[in-house]
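K.L.:
I'm passing along structure_21.txt; it holds compact mmCIF, C-alpha atoms.
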```txt
# COMPACT_ATOMS: atom_id res chain seq x y z
CA MET A 1 13.47 2.68 -7.18
CA ARG A 2 16.24 5.26 -6.72
CA VAL A 3 16.92 5.33 -10.46
CA SER A 4 13.25 6.10 -11.08
CA LEU A 5 13.31 9.06 -8.70
CA VAL A 6 16.42 10.48 -10.37
CA ALA A 7 14.81 10.07 -13.80
CA GLU A 8 11.62 11.80 -12.65
CA ASP A 9 13.64 14.66 -11.14
CA THR A 10 15.50 15.04 -14.43
CA ILE A 11 12.26 15.02 -16.41
CA SER A 12 10.68 17.56 -14.06
CA SER A 13 13.73 19.82 -14.36
CA ALA A 14 13.62 19.55 -18.15
CA LEU A 15 9.93 20.45 -18.23
CA CYS A 16 10.63 23.45 -16.00
CA GLY A 17 13.26 24.58 -18.49
CA VAL A 18 10.83 24.17 -21.37
CA MET A 19 8.22 26.15 -19.45
CA GLU A 20 10.75 28.93 -18.78
CA GLN A 21 11.68 29.14 -22.48
CA ALA A 22 8.01 29.25 -23.48
CA LEU A 23 7.36 32.12 -21.09
CA ILE A 24 10.37 34.02 -22.46
CA GLU A 25 9.11 33.49 -26.02
CA LYS A 26 5.72 34.91 -24.98
CA GLY A 27 7.49 38.14 -24.04
CA ILE A 28 7.91 37.78 -20.27
CA GLU A 29 11.20 38.98 -18.75
CA PRO A 30 13.76 36.14 -18.35
CA ALA A 31 14.16 36.71 -14.59
CA LEU A 32 10.39 36.62 -14.05
CA ALA A 33 10.01 33.60 -16.34
CA ARG A 34 12.72 31.75 -14.36
CA ALA A 35 10.96 32.58 -11.07
CA LEU A 36 7.54 31.52 -12.34
CA ALA A 37 8.86 28.27 -13.83
CA SER A 38 10.74 27.35 -10.64
CA LYS A 39 7.66 28.09 -8.49
CA ALA A 40 5.41 26.08 -10.79
CA CYS A 41 7.79 23.10 -10.70
CA GLU A 42 8.47 23.09 -6.92
CA PRO A 43 5.40 21.00 -5.95
CA ALA A 44 6.15 18.47 -8.70
CA LEU A 45 9.74 18.03 -7.55
CA SER A 46 8.84 17.74 -3.87
CA ALA A 47 5.92 15.37 -4.56
CA VAL A 48 8.06 12.78 -6.37
CA PRO A 49 9.60 11.21 -3.21
CA ASN A 50 6.16 10.97 -1.57
CA VAL A 51 4.84 8.96 -4.50
CA ALA A 52 7.63 6.42 -4.05
CA LYS A 53 6.71 5.73 -0.41
CA ALA A 54 4.41 2.80 0.14
CA THR A 55 1.67 3.70 2.58
CA VAL A 56 0.69 1.02 5.04
CA LYS A 57 -2.82 1.40 6.31
CA LYS A 58 -3.81 0.11 9.70
CA ALA A 59 -6.31 -2.72 9.50
CA LYS A 60 -9.87 -1.73 10.28
CA ARG A 61 -11.28 -2.77 13.62
CA ALA A 62 -13.82 -5.14 12.05
CA SER A 63 -11.16 -7.00 10.06
CA ARG A 64 -8.94 -7.33 13.15
CA ARG A 65 -11.87 -8.69 15.13
CA ALA A 66 -12.81 -11.15 12.37
CA ARG A 67 -9.19 -12.35 12.19
CA ASN A 68 -9.06 -12.86 15.96
CA ASP A 69 -12.42 -14.64 15.98
CA LEU A 70 -11.26 -16.99 13.22
CA SER A 71 -8.04 -17.65 15.14
CA ARG A 72 -10.00 -18.68 18.24
CA ALA A 73 -12.39 -20.76 16.13
CA LEU A 74 -9.45 -22.56 14.45
CA LYS A 75 -7.99 -23.45 17.85
CA GLU A 76 -11.31 -24.93 18.90
CA ALA A 77 -11.83 -26.78 15.59
CA ASN A 78 -8.32 -28.24 15.79
CA ARG A 79 -8.94 -29.29 19.37
CA ARG A 80 -12.10 -31.14 18.32
CA LEU A 81 -10.83 -32.78 15.14
CA ARG A 82 -7.26 -33.73 16.08
CA LYS A 83 -5.83 -36.41 18.34
CA LYS A 84 -3.52 -35.59 21.23
CA ASN A 85 -0.48 -36.34 19.04
CA GLY A 86 -1.65 -33.73 16.48
CA GLN A 87 -2.88 -36.09 13.75
CA LEU A 88 -6.31 -35.58 12.26
CA ARG A 89 -8.95 -38.02 13.42
CA LYS A 90 -9.85 -40.85 11.05
CA GLY A 91 -11.94 -39.63 8.11
CA LYS A 92 -11.28 -35.94 8.80
CA THR A 93 -9.37 -33.57 6.52
CA GLN A 94 -7.96 -30.07 6.83
CA SER A 95 -11.00 -28.95 4.86
CA ASP A 96 -13.21 -30.27 7.67
CA VAL A 97 -11.15 -28.27 10.17
CA MET A 98 -11.61 -25.05 8.21
CA SER A 99 -15.30 -25.65 7.62
CA LEU A 100 -15.89 -26.23 11.32
CA ALA A 101 -13.85 -23.14 12.16
CA GLN A 102 -15.99 -21.02 9.82
CA LYS A 103 -19.13 -22.34 11.54
CA LEU A 104 -17.69 -21.74 15.00
CA ARG A 105 -16.50 -18.25 14.10
CA GLY A 106 -19.98 -16.82 14.48
CA LYS A 107 -20.41 -18.43 17.88
CA VAL A 108 -17.06 -17.38 19.34
```
If you convert what's in this file into structure tokens, what do you get?
P.N.:
Amino acid sequence: MRVSLVAEDTISSALCGVMEQALIEKGIEPALARALASKACEPALSAVPNVAKATVKKAKRASRRARNDLSRALKEANRRLRKKNGQLRKGKTQSDVMSLAQKLRGKV
């Protein structure tokens, strides 16, 4: 990740230099061309680190509620379909537990 940022900074700097040379070739004073090129490249150089950051969005309220409802429904489904020692009742599978939890989710 750090190598990528350094490479992008180098590329941005090189493009700024190319831009400066192009402005000079068009007949603009070298000092003014240097100032314009550096100003034009500032946002690109400062934006590079922000691109590298991973943004973590807070979960929406509806998704948090659905997750909590499913959690409560799973506790109830496990209570119904498991023995006291934690084993599934005879003839029941984990699929049955999840199916029951999905049905109970709307009622919880």
K.L.:
Atom CA of Asn78 of chain A and atom CA of Arg64 of chain A are how many Å apart?
P.N.:
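For atom CA of Asn78 of chain A relative to atom CA of Arg64 of chain A, the distance reads 21.1 Å.
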K.L.:
Suppose you want the space between atom CA of Cys16 of chain A and atom CA of Cys41 of chain A; what is it in Å?
P.N.:
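Spanning atom CA of Cys16 of chain A to atom CA of Cys41 of chain A is a straight-line distance of 6.0 Å.
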K.L.:
Using all atoms listed in the file, which protein or nucleic acid residues come within 10 Å of segment 98-101 of chain A? Drop anything in the same chain fewer than 4 positions from it, and give the result as a short mmCIF file (atom, residue, chain, number, x, y, z; two decimals) with C-alpha atoms, in the frame of the given file.
P.N.:
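After the write, around25.cif holds the following:
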```
data_model
loop_
_atom_site.label_atom_id
_atom_site.label_comp_id
_atom_site.auth_asym_id
_atom_site.auth_seq_id
_atom_site.Cartn_x
_atom_site.Cartn_y
_atom_site.Cartn_z
CA ASP A 69 -12.42 -14.64 15.98
CA LEU A 70 -11.26 -16.99 13.22
CA SER A 71 -8.04 -17.65 15.14
CA ARG A 72 -10.00 -18.68 18.24
CA ALA A 73 -12.39 -20.76 16.13
CA LEU A 74 -9.45 -22.56 14.45
CA LYS A 75 -7.99 -23.45 17.85
CA GLU A 76 -11.31 -24.93 18.90
CA ALA A 77 -11.83 -26.78 15.59
CA ASN A 78 -8.32 -28.24 15.79
CA ARG A 80 -12.10 -31.14 18.32
CA LEU A 81 -10.83 -32.78 15.14
CA THR A 93 -9.37 -33.57 6.52
CA GLN A 94 -7.96 -30.07 6.83
CA ARG A 105 -16.50 -18.25 14.10
CA GLY A 106 -19.98 -16.82 14.48
CA LYS A 107 -20.41 -18.43 17.88
CA VAL A 108 -17.06 -17.38 19.34
#
```
K.L.:
Which of these, A:Lys84, A:Met19, A:Lys57, A:Arg67, has the shortest distance to Leu32 of chain A once you count all atoms listed in the file?
P.N.:
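Checking each of A:Lys84, A:Met19, A:Lys57, A:Arg67 against Leu32 of chain A, counting all atoms listed in the file, the winner is A:Met19.
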